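Next comes work_24.pdb, with PDB, C-alpha atoms.
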```
ATOM      1  CA  MET A   1     106.056 151.204  61.687
ATOM      2  CA  ALA A   2     104.094 154.455  61.643
ATOM      3  CA  TRP A   3     101.496 154.690  64.386
ATOM      4  CA  TRP A   4      98.696 155.361  61.934
ATOM      5  CA  ARG A   5      99.176 152.023  60.171
ATOM      6  CA  GLY A   6      98.394 150.138  63.354
ATOM      7  CA  ALA A   7      95.498 152.478  64.074
ATOM      8  CA  ALA A   8      94.095 151.860  60.612
ATOM      9  CA  ILE A   9      93.979 148.123  61.242
ATOM     10  CA  TRP A  10      92.026 148.495  64.458
ATOM     11  CA  LEU A  11      89.615 150.972  62.890
ATOM     12  CA  ALA A  12      88.954 148.349  60.225
ATOM     13  CA  VAL A  13      88.370 145.749  62.912
ATOM     14  CA  LEU A  14      85.871 148.016  64.676
ATOM     15  CA  ALA A  15      84.109 148.623  61.376
ATOM     16  CA  TRP A  16      83.465 144.875  61.176
ATOM     17  CA  LEU A  17      82.576 144.437  64.844
ATOM     18  CA  ILE A  18      79.969 147.162  65.196
ATOM     19  CA  PRO A  19      77.645 146.026  62.354
ATOM     20  CA  ALA A  20      77.834 142.429  63.539
ATOM     21  CA  ALA A  21      76.939 143.393  67.089
ATOM     22  CA  ALA A  22      74.005 145.458  65.827
ATOM     23  CA  ALA A  23      72.825 142.541  63.750
ATOM     24  CA  GLY A  24      72.595 140.321  66.805
ATOM     25  CA  GLY A  25      75.636 138.070  66.295
ATOM     26  CA  THR A  26      75.498 134.491  65.030
ATOM     27  CA  GLU A  27      72.322 132.993  66.473
ATOM     28  CA  GLY A  28      71.115 129.778  64.895
ATOM     29  CA  GLY A  29      74.446 128.079  64.359
ATOM     30  CA  THR A  30      76.832 127.920  61.438
ATOM     31  CA  LEU A  31      75.250 124.952  59.656
ATOM     32  CA  SER A  32      71.771 126.472  59.845
ATOM     33  CA  ARG A  33      72.996 129.753  58.423
ATOM     34  CA  VAL A  34      74.982 128.009  55.670
ATOM     35  CA  ARG A  35      71.902 125.956  54.736
ATOM     36  CA  GLU A  36      69.797 129.125  54.506
ATOM     37  CA  THR A  37      72.278 131.260  52.588
ATOM     38  CA  GLY A  38      74.114 128.641  50.508
ATOM     39  CA  VAL A  39      77.391 130.352  51.438
ATOM     40  CA  ILE A  40      80.281 129.418  53.726
ATOM     41  CA  VAL A  41      82.963 132.006  54.536
ATOM     42  CA  ILE A  42      86.603 131.249  55.269
ATOM     43  CA  GLY A  43      89.482 133.525  56.189
ATOM     44  CA  TYR A  44      92.896 133.088  54.604
ATOM     45  CA  ARG A  45      96.333 134.674  54.916
ATOM     46  CA  PRO A  46      97.876 135.927  51.646
ATOM     47  CA  ALA A  47     101.537 135.222  52.458
ATOM     48  CA  SER A  48     101.836 132.673  55.273
ATOM     49  CA  LEU A  49     103.574 129.825  53.480
ATOM     50  CA  PRO A  50     102.950 126.907  53.609
ATOM     51  CA  PHE A  51      99.746 127.239  55.641
ATOM     52  CA  SER A  52      97.855 129.857  53.688
ATOM     53  CA  TYR A  53      99.004 131.899  50.711
ATOM     54  CA  LEU A  54      98.024 132.949  47.197
ATOM     55  CA  ASP A  55      99.042 130.763  44.276
ATOM     56  CA  ALA A  56     100.007 131.952  40.784
ATOM     57  CA  GLN A  57      96.304 132.485  39.956
ATOM     58  CA  LEU A  58      95.851 134.469  43.221
ATOM     59  CA  ARG A  59      93.741 131.703  44.757
ATOM     60  CA  PRO A  60      94.153 130.858  48.460
ATOM     61  CA  THR A  61      96.043 127.603  48.930
ATOM     62  CA  GLY A  62      98.171 125.866  51.551
ATOM     63  CA  TYR A  63      98.058 123.306  54.340
ATOM     64  CA  SER A  64      95.424 125.035  56.484
ATOM     65  CA  VAL A  65      93.357 125.928  53.419
ATOM     66  CA  GLU A  66      93.372 122.295  52.272
ATOM     67  CA  LEU A  67      92.157 121.130  55.683
ATOM     68  CA  CYS A  68      89.355 123.704  55.552
ATOM     69  CA  GLU A  69      88.452 122.508  52.065
ATOM     70  CA  ARG A  70      88.046 119.003  53.457
ATOM     71  CA  VAL A  71      85.611 120.437  56.004
ATOM     72  CA  ILE A  72      83.730 122.302  53.264
ATOM     73  CA  ALA A  73      83.347 119.032  51.334
ATOM     74  CA  ALA A  74      81.813 117.461  54.444
ATOM     75  CA  VAL A  75      79.436 120.423  54.840
ATOM     76  CA  ARG A  76      78.317 120.066  51.213
ATOM     77  CA  GLU A  77      77.554 116.403  51.788
ATOM     78  CA  LYS A  78      75.841 116.858  55.150
ATOM     79  CA  LEU A  79      73.597 119.673  53.942
ATOM     80  CA  GLY A  80      73.045 118.324  50.433
ATOM     81  CA  LEU A  81      74.454 121.486  48.866
ATOM     82  CA  PRO A  82      76.749 120.459  45.987
ATOM     83  CA  ASP A  83      76.762 124.058  44.707
ATOM     84  CA  LEU A  84      77.683 125.567  48.092
ATOM     85  CA  GLU A  85      79.428 128.893  47.489
ATOM     86  CA  VAL A  86      82.762 129.410  49.244
ATOM     87  CA  ARG A  87      83.486 133.046  50.041
ATOM     88  CA  ARG A  88      87.145 133.771  50.850
ATOM     89  CA  VAL A  89      88.142 136.775  52.982
ATOM     90  CA  GLU A  90      91.738 137.940  53.377
ATOM     91  CA  VAL A  91      92.772 138.377  57.015
ATOM     92  CA  ALA A  92      95.849 139.602  58.877
ATOM     93  CA  SER A  93      97.218 138.819  62.323
ATOM     94  CA  ALA A  94      95.254 141.695  63.848
ATOM     95  CA  THR A  95      91.930 141.061  62.062
ATOM     96  CA  ARG A  96      91.619 137.245  61.943
ATOM     97  CA  MET A  97      90.188 136.691  65.437
ATOM     98  CA  PRO A  98      87.802 139.685  65.504
ATOM     99  CA  LEU A  99      86.344 138.476  62.206
ATOM    100  CA  VAL A 100      85.692 135.040  63.720
ATOM    101  CA  ILE A 101      84.245 136.498  66.902
ATOM    102  CA  ASN A 102      81.857 138.869  65.131
ATOM    103  CA  GLY A 103      80.505 136.153  62.815
ATOM    104  CA  THR A 104      82.078 137.302  59.545
ATOM    105  CA  LEU A 105      84.093 134.077  59.187
ATOM    106  CA  ASP A 106      82.874 130.521  59.589
ATOM    107  CA  MET A 107      86.449 129.207  59.675
ATOM    108  CA  GLU A 108      89.810 130.951  59.954
ATOM    109  CA  CYS A 109      92.201 128.931  57.824
ATOM    110  CA  GLY A 110      95.599 130.454  58.448
ATOM    111  CA  ILE A 111      98.077 130.163  61.299
ATOM    112  CA  THR A 112      96.559 130.777  64.711
ATOM    113  CA  THR A 113      97.690 129.456  68.067
ATOM    114  CA  HIS A 114      95.001 128.065  70.343
ATOM    115  CA  THR A 115      95.422 129.595  73.799
ATOM    116  CA  ALA A 116      93.217 129.517  76.895
ATOM    117  CA  GLU A 117      92.868 133.290  76.736
ATOM    118  CA  ARG A 118      91.712 133.262  73.114
ATOM    119  CA  ALA A 119      89.312 130.400  73.837
ATOM    120  CA  ARG A 120      87.317 132.746  76.071
ATOM    121  CA  SER A 121      86.011 134.552  72.993
ATOM    122  CA  GLN A 122      86.170 131.984  70.198
ATOM    123  CA  SER A 123      86.427 128.252  69.638
ATOM    124  CA  PHE A 124      89.115 126.111  68.015
ATOM    125  CA  SER A 125      89.294 122.828  66.159
ATOM    126  CA  LEU A 126      91.520 119.919  67.015
ATOM    127  CA  THR A 127      95.184 120.880  66.829
ATOM    128  CA  ILE A 128      96.445 120.817  63.233
ATOM    129  CA  PHE A 129     100.136 121.655  63.797
ATOM    130  CA  VAL A 130     102.561 122.217  66.669
ATOM    131  CA  ALA A 131     105.128 125.003  66.333
ATOM    132  CA  GLU A 132     107.685 126.546  68.667
ATOM    133  CA  THR A 133     108.754 130.185  68.860
ATOM    134  CA  ARG A 134     112.404 130.973  68.261
ATOM    135  CA  LEU A 135     114.595 133.989  67.640
ATOM    136  CA  LEU A 136     115.986 134.726  64.202
ATOM    137  CA  ALA A 137     119.081 136.925  64.072
ATOM    138  CA  ARG A 138     122.117 137.476  61.903
ATOM    139  CA  ALA A 139     124.441 134.494  62.178
ATOM    140  CA  SER A 140     127.307 136.702  63.337
ATOM    141  CA  ASP A 141     125.332 137.845  66.416
ATOM    142  CA  ARG A 142     125.023 134.350  67.954
ATOM    143  CA  VAL A 143     121.671 135.187  69.612
ATOM    144  CA  GLN A 144     120.176 132.343  71.645
ATOM    145  CA  SER A 145     117.838 133.996  74.159
ATOM    146  CA  LEU A 146     116.016 137.229  74.881
ATOM    147  CA  ALA A 147     118.603 137.923  77.569
ATOM    148  CA  ASP A 148     121.172 138.201  74.765
ATOM    149  CA  LEU A 149     119.130 141.104  73.380
ATOM    150  CA  ARG A 150     119.078 143.295  76.493
ATOM    151  CA  GLY A 151     118.678 146.951  75.518
ATOM    152  CA  ARG A 152     118.361 146.200  71.795
ATOM    153  CA  PRO A 153     115.387 146.472  69.395
ATOM    154  CA  VAL A 154     113.511 143.241  68.617
ATOM    155  CA  ALA A 155     110.657 142.669  66.166
ATOM    156  CA  SER A 156     107.632 140.415  66.162
ATOM    157  CA  THR A 157     104.242 140.483  64.424
ATOM    158  CA  ILE A 158     101.327 142.413  65.891
ATOM    159  CA  GLY A 159      98.328 140.411  67.081
ATOM    160  CA  THR A 160     100.391 137.251  67.769
ATOM    161  CA  THR A 161     101.238 135.217  70.844
ATOM    162  CA  SER A 162     104.909 135.841  69.993
ATOM    163  CA  ILE A 163     104.720 139.588  70.519
ATOM    164  CA  GLN A 164     102.720 139.036  73.708
ATOM    165  CA  HIS A 165     105.438 136.709  75.026
ATOM    166  CA  LEU A 166     108.123 139.199  74.035
ATOM    167  CA  ALA A 167     106.406 142.013  75.925
ATOM    168  CA  LYS A 168     105.825 139.813  78.987
ATOM    169  CA  VAL A 169     109.428 138.592  79.280
ATOM    170  CA  ASN A 170     110.782 142.057  78.529
ATOM    171  CA  GLU A 171     108.819 143.457  81.476
ATOM    172  CA  GLN A 172     109.439 140.548  83.861
ATOM    173  CA  GLN A 173     113.187 140.500  83.293
ATOM    174  CA  ASN A 174     113.561 144.268  82.836
ATOM    175  CA  LEU A 175     115.478 143.705  79.605
ATOM    176  CA  GLY A 176     114.943 147.169  78.182
ATOM    177  CA  ILE A 177     114.115 145.732  74.744
ATOM    178  CA  ARG A 178     112.463 148.128  72.291
ATOM    179  CA  ILE A 179     109.679 146.165  70.596
ATOM    180  CA  LEU A 180     108.789 146.852  66.960
ATOM    181  CA  GLY A 181     105.741 145.246  65.369
ATOM    182  CA  GLY A 182     105.302 144.175  61.773
ATOM    183  CA  LEU A 183     101.811 144.169  60.260
ATOM    184  CA  ASP A 184     102.557 140.647  59.024
ATOM    185  CA  ASP A 185     105.419 138.147  59.215
ATOM    186  CA  PRO A 186     107.212 139.305  56.029
ATOM    187  CA  GLU A 187     107.194 142.872  57.333
ATOM    188  CA  GLY A 188     108.568 141.705  60.680
ATOM    189  CA  PHE A 189     111.371 139.888  58.878
ATOM    190  CA  GLN A 190     112.072 142.976  56.783
ATOM    191  CA  LEU A 191     112.753 144.890  59.995
ATOM    192  CA  LEU A 192     115.564 142.417  60.661
ATOM    193  CA  ARG A 193     116.867 142.467  57.089
ATOM    194  CA  SER A 194     117.011 146.262  57.081
ATOM    195  CA  GLY A 195     119.001 146.340  60.318
ATOM    196  CA  ARG A 196     116.303 148.159  62.306
ATOM    197  CA  VAL A 197     116.154 145.311  64.828
ATOM    198  CA  ALA A 198     118.643 142.791  66.194
ATOM    199  CA  ALA A 199     116.257 139.822  66.052
ATOM    200  CA  PHE A 200     112.809 138.689  64.950
ATOM    201  CA  LEU A 201     110.762 136.520  67.312
ATOM    202  CA  MET A 202     108.210 134.267  65.629
ATOM    203  CA  ASP A 203     107.088 130.646  65.235
ATOM    204  CA  ASP A 204     109.899 128.452  63.915
ATOM    205  CA  VAL A 205     107.934 127.149  60.930
ATOM    206  CA  VAL A 206     107.188 130.725  59.841
ATOM    207  CA  LEU A 207     110.851 131.669  60.195
ATOM    208  CA  ARG A 208     111.957 128.630  58.185
ATOM    209  CA  SER A 209     109.482 129.560  55.463
ATOM    210  CA  LEU A 210     110.777 133.130  55.306
ATOM    211  CA  LEU A 211     114.367 131.896  55.171
ATOM    212  CA  ALA A 212     113.533 129.441  52.376
ATOM    213  CA  GLN A 213     112.406 132.404  50.298
ATOM    214  CA  GLN A 214     115.810 134.116  50.672
ATOM    215  CA  GLY A 215     117.814 131.608  48.619
ATOM    216  CA  PRO A 216     121.558 131.775  49.367
ATOM    217  CA  GLY A 217     120.898 134.806  51.573
ATOM    218  CA  ALA A 218     119.395 132.501  54.184
ATOM    219  CA  ASP A 219     122.927 131.616  55.302
ATOM    220  CA  ASP A 220     123.254 135.127  56.740
ATOM    221  CA  TYR A 221     120.741 134.267  59.471
ATOM    222  CA  ARG A 222     120.473 131.727  62.250
ATOM    223  CA  LEU A 223     117.587 130.387  64.314
ATOM    224  CA  SER A 224     118.088 130.103  68.063
ATOM    225  CA  ASP A 225     118.566 126.557  69.310
ATOM    226  CA  GLN A 226     116.326 127.298  72.274
ATOM    227  CA  ALA A 227     112.553 127.276  71.828
ATOM    228  CA  LEU A 228     110.787 129.947  73.860
ATOM    229  CA  THR A 229     107.179 128.722  73.696
ATOM    230  CA  ILE A 230     105.049 125.903  72.261
ATOM    231  CA  GLU A 231     102.289 126.928  69.825
ATOM    232  CA  PRO A 232      99.429 124.508  69.010
ATOM    233  CA  TYR A 233      97.784 125.721  65.789
ATOM    234  CA  ALA A 234      94.091 125.169  65.103
ATOM    235  CA  ILE A 235      91.295 126.280  62.786
ATOM    236  CA  GLY A 236      89.457 129.230  64.302
ATOM    237  CA  LEU A 237      85.708 128.806  64.860
ATOM    238  CA  ARG A 238      82.896 130.795  66.432
ATOM    239  CA  LYS A 239      82.225 130.176  70.090
ATOM    240  CA  GLY A 240      79.040 128.465  71.227
ATOM    241  CA  ASP A 241      78.492 126.300  68.136
ATOM    242  CA  PRO A 242      79.265 122.724  69.249
ATOM    243  CA  GLN A 243      77.515 121.163  66.243
ATOM    244  CA  PHE A 244      79.828 122.820  63.725
ATOM    245  CA  LYS A 245      82.920 122.238  65.856
ATOM    246  CA  ALA A 246      81.996 118.540  66.074
ATOM    247  CA  LEU A 247      81.813 118.337  62.278
ATOM    248  CA  VAL A 248      85.166 120.105  61.835
ATOM    249  CA  ASP A 249      86.821 117.895  64.452
ATOM    250  CA  GLU A 250      85.410 114.714  62.940
ATOM    251  CA  VAL A 251      86.830 115.613  59.524
ATOM    252  CA  LEU A 252      90.260 116.224  61.037
ATOM    253  CA  ALA A 253      90.107 113.129  63.239
ATOM    254  CA  GLY A 254      89.168 111.080  60.178
ATOM    255  CA  LEU A 255      92.282 112.321  58.365
ATOM    256  CA  TYR A 256      94.352 111.394  61.411
ATOM    257  CA  ARG A 257      92.785 107.933  61.796
ATOM    258  CA  SER A 258      93.180 107.045  58.126
ATOM    259  CA  GLY A 259      96.753 108.275  57.968
ATOM    260  CA  GLU A 260      95.887 110.592  55.068
ATOM    261  CA  ILE A 261      97.225 113.507  57.100
ATOM    262  CA  HIS A 262     100.757 112.231  56.436
ATOM    263  CA  ALA A 263     100.354 112.649  52.663
ATOM    264  CA  ILE A 264      98.834 116.097  53.179
ATOM    265  CA  TYR A 265     101.716 117.048  55.457
ATOM    266  CA  ARG A 266     104.341 115.854  52.965
ATOM    267  CA  ARG A 267     102.666 117.878  50.210
ATOM    268  CA  TRP A 268     103.087 121.154  52.103
ATOM    269  CA  PHE A 269     106.148 120.671  54.298
ATOM    270  CA  GLU A 270     108.385 118.162  52.514
ATOM    271  CA  SER A 271     107.739 118.840  48.801
ATOM    272  CA  PRO A 272     108.090 121.845  46.478
ATOM    273  CA  LEU A 273     105.229 124.220  47.204
ATOM    274  CA  PRO A 274     102.760 124.772  44.343
ATOM    275  CA  SER A 275     103.536 127.983  42.413
ATOM    276  CA  GLN A 276     106.502 128.664  44.715
ATOM    277  CA  GLY A 277     109.040 125.914  44.067
ATOM    278  CA  LEU A 278     110.250 126.161  47.665
ATOM    279  CA  ASN A 279     110.688 123.030  49.747
ATOM    280  CA  LEU A 280     110.810 123.540  53.507
ATOM    281  CA  LYS A 281     112.098 119.979  54.009
ATOM    282  CA  LEU A 282     110.516 120.035  57.457
ATOM    283  CA  PRO A 283     109.813 116.555  58.895
ATOM    284  CA  MET A 284     106.754 116.106  61.060
ATOM    285  CA  SER A 285     107.542 116.822  64.711
ATOM    286  CA  ALA A 286     107.184 114.240  67.448
ATOM    287  CA  ALA A 287     104.650 116.536  69.121
ATOM    288  CA  PHE A 288     102.341 116.539  66.090
ATOM    289  CA  ARG A 289     102.736 112.780  65.660
ATOM    290  CA  ARG A 290     101.404 112.417  69.197
ATOM    291  CA  VAL A 291      98.443 114.638  68.292
ATOM    292  CA  ILE A 292      97.656 112.432  65.297
ATOM    293  CA  ALA A 293      97.766 109.325  67.498
ATOM    294  CA  ASN A 294      95.658 110.979  70.217
ATOM    295  CA  PRO A 295      93.780 114.000  68.790
ATOM    296  CA  THR A 296      93.352 116.910  71.156
ATOM    297  CA  ASP A 297      92.074 120.473  71.129
ATOM    298  CA  SER A 298      93.942 121.421  74.291
ATOM    299  CA  PRO A 299      95.420 124.941  74.521
ATOM    300  CA  ASP A 300      97.838 123.800  77.245
ATOM    301  CA  PRO A 301     101.440 123.881  75.950
ATOM    302  CA  GLU A 302     102.395 121.169  78.439
ATOM    303  CA  ARG A 303     100.076 118.786  76.595
ATOM    304  CA  TYR A 304     102.470 118.875  73.632
ATOM    305  CA  ARG A 305     105.794 118.312  75.397
TER     306      ARG A 305
END
```
Using structure tokens, write down the structure from this file.
Amino acid sequence: MAWWRGAAIWLAVLAWLIPAAAAGGTEGGTLSRVRETGVIVIGYRPASLPFSYLDAQLRPTGYSVELCERVIAAVREKLGLPDLEVRRVEVASATRMPLVINGTLDMECGITTHTAERARSQSFSLTIFVAETRLLARASDRVQSLADLRGRPVASTIGTTSIQHLAKVNEQQNLGIRILGGLDDPEGFQLLRSGRVAAFLMDDVVLRSLLAQQGPGADDYRLSDQALTIEPYAIGLRKGDPQFKALVDEVLAGLYRSGEIHAIYRRWFESPLPSQGLNLKLPMSAAFRRVIANPTDSPDPERYR
């Protein structure tokens, strides 16, 4: 990836951050601002199946988007705003969190891991999915761990916990791995397909989604049996707004209590995806079933083992 492409992303991020800082941030709370403006703003990912992607009419859809839409319905009812406008902003791995932090987004409805480090600058909803990071490599390479990739190039996606973990282990174990970053997950996978890297490190559900889009070509690749990290996904929220977080969490907890979350899950992970025709055939994990039984917003990976 050319250096200027990464630089362009961060210049765009700064362009958002500086005006927001000058404007004084997000005082008054999300619900107050939504009541005053009649607008709620969500961030979406354009190609992160099945969580957030564009359908045939180029409208954001997916599992995370549907959960955010349930929250928006609750906001309409609470504020008495049936005509509440929903503004949708495309985000990438590198821009999603800055746009939450600076007040541009009210909710980030994509795929974002809740970590203790990230929670210092923004807030998160209850956990909505539990993923694990794995390595994807060509089946003939039999890659199972980062140690198998000593001295070889490996890709991940910029702005993710996966690339942070890759850099950390590479340094700690002195593996001599050359790290290449994709601007998004499809670009990271393309680095593997083109032969520029020996493996692609990313969340298993993302890797399975990318493989499902390859048709028969998926047989050329293999996921590592070993999971490297646990990734609790959540909806991104602004920090210091407990009233809005409470509303978001209550909507999610209500879906968990009623059992409706199981139908929503089947729609996106065990059925053909709208406008895509792909079926991930991914059963709900034991870790997420435990979250549904006992909702949590913990960033601690050990909480999900």
Expansion of the PyMOL selection byres ((chain A and resi 286) around 12) into residues, as a list in words: Phe129, Val130, Ala131, Pro283, Met284, Ser285, Ala287, Phe288, Arg289, Arg290, Val291, Ile292, Ala293, Tyr304 and Arg305 of chain A
Find the nearest atom pair between each residue of stretch 122-229 of chain A and stretch 241-258 of chain A for residues within 12 Å, count all atoms listed in the file, give distances in Å to one decimal, sort rows by chain and ascending number, and present the table as a Markdown table.
```
| residue | atom | partner | partner_atom | distance |
| --- | --- | --- | --- | --- |
| A:Gln122 | CA | A:Asp241 | CA | 9.8 |
| A:Ser123 | CA | A:Lys245 | CA | 7.9 |
| A:Phe124 | CA | A:Lys245 | CA | 7.6 |
| A:Ser125 | CA | A:Asp249 | CA | 5.8 |
| A:Leu126 | CA | A:Asp249 | CA | 5.7 |
| A:Thr127 | CA | A:Leu252 | CA | 8.9 |
| A:Ile128 | CA | A:Leu252 | CA | 8.0 |
| A:Phe129 | CA | A:Leu252 | CA | 11.6 |
```
Local residues around (125.1, 137.4, 59.9), at most 10 Å away, using all atoms listed in the file, as a list in words: Ala137, Arg138, Ala139, Ser140, Asp141, Arg142, Gly217, Ala218, Asp219, Asp220, Tyr221 and Arg222 of chain A
The PyMOL selection byres ((chain A and resi 134) around 6) resolved against shown file, as a VMD selection string: chain A and resid 133 135 201 to 202 204 224 227 to 228
Which one of A:Gly182, A:Gly236, A:Gly103, A:Pro50 sits closest to A:Gln276 if you count all atoms listed in the file?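 Of A:Gly182, A:Gly236, A:Gly103, A:Pro50, the one nearest A:Gln276 is A:Pro50, counting all atoms listed in the file.
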Go through A:Leu105, A:Val100, A:Ala74, A:Leu175 one by one, measure the shortest atom-to-atom distance of each to A:Ala119 using only C-alpha atoms, and give the residue with the smallest value.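 Counting only C-alpha atoms, the residue closest to A:Ala119 is A:Val100.
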So, counting only C-alpha atoms, which residue among A:Ala199, A:Cys68, A:Leu149, A:Ala212 is closest to A:Lys281?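 Smallest separation from A:Lys281 among the options: A:Ala212.
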Ground truth for the PyMOL selection byres ((chain A and resi 151) around 7), written as a list in words: Leu149, Arg150, Arg152, Pro153, Leu175, Gly176 and Ile177 of chain A
Select, from A:Ser48, A:Ser32, A:Thr113, A:Gln57, the residue with the minimum atom-to-atom distance to A:Asp297, counting all atoms listed in the file.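 The shortest atom-to-atom distance to A:Asp297 comes from A:Thr113.
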Please, what distance in Å, to one decimal, runs between atom CA of A:Gln172 and atom CA of A:Val205?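 Rounded to one decimal, the two atoms are 26.6 Å apart.
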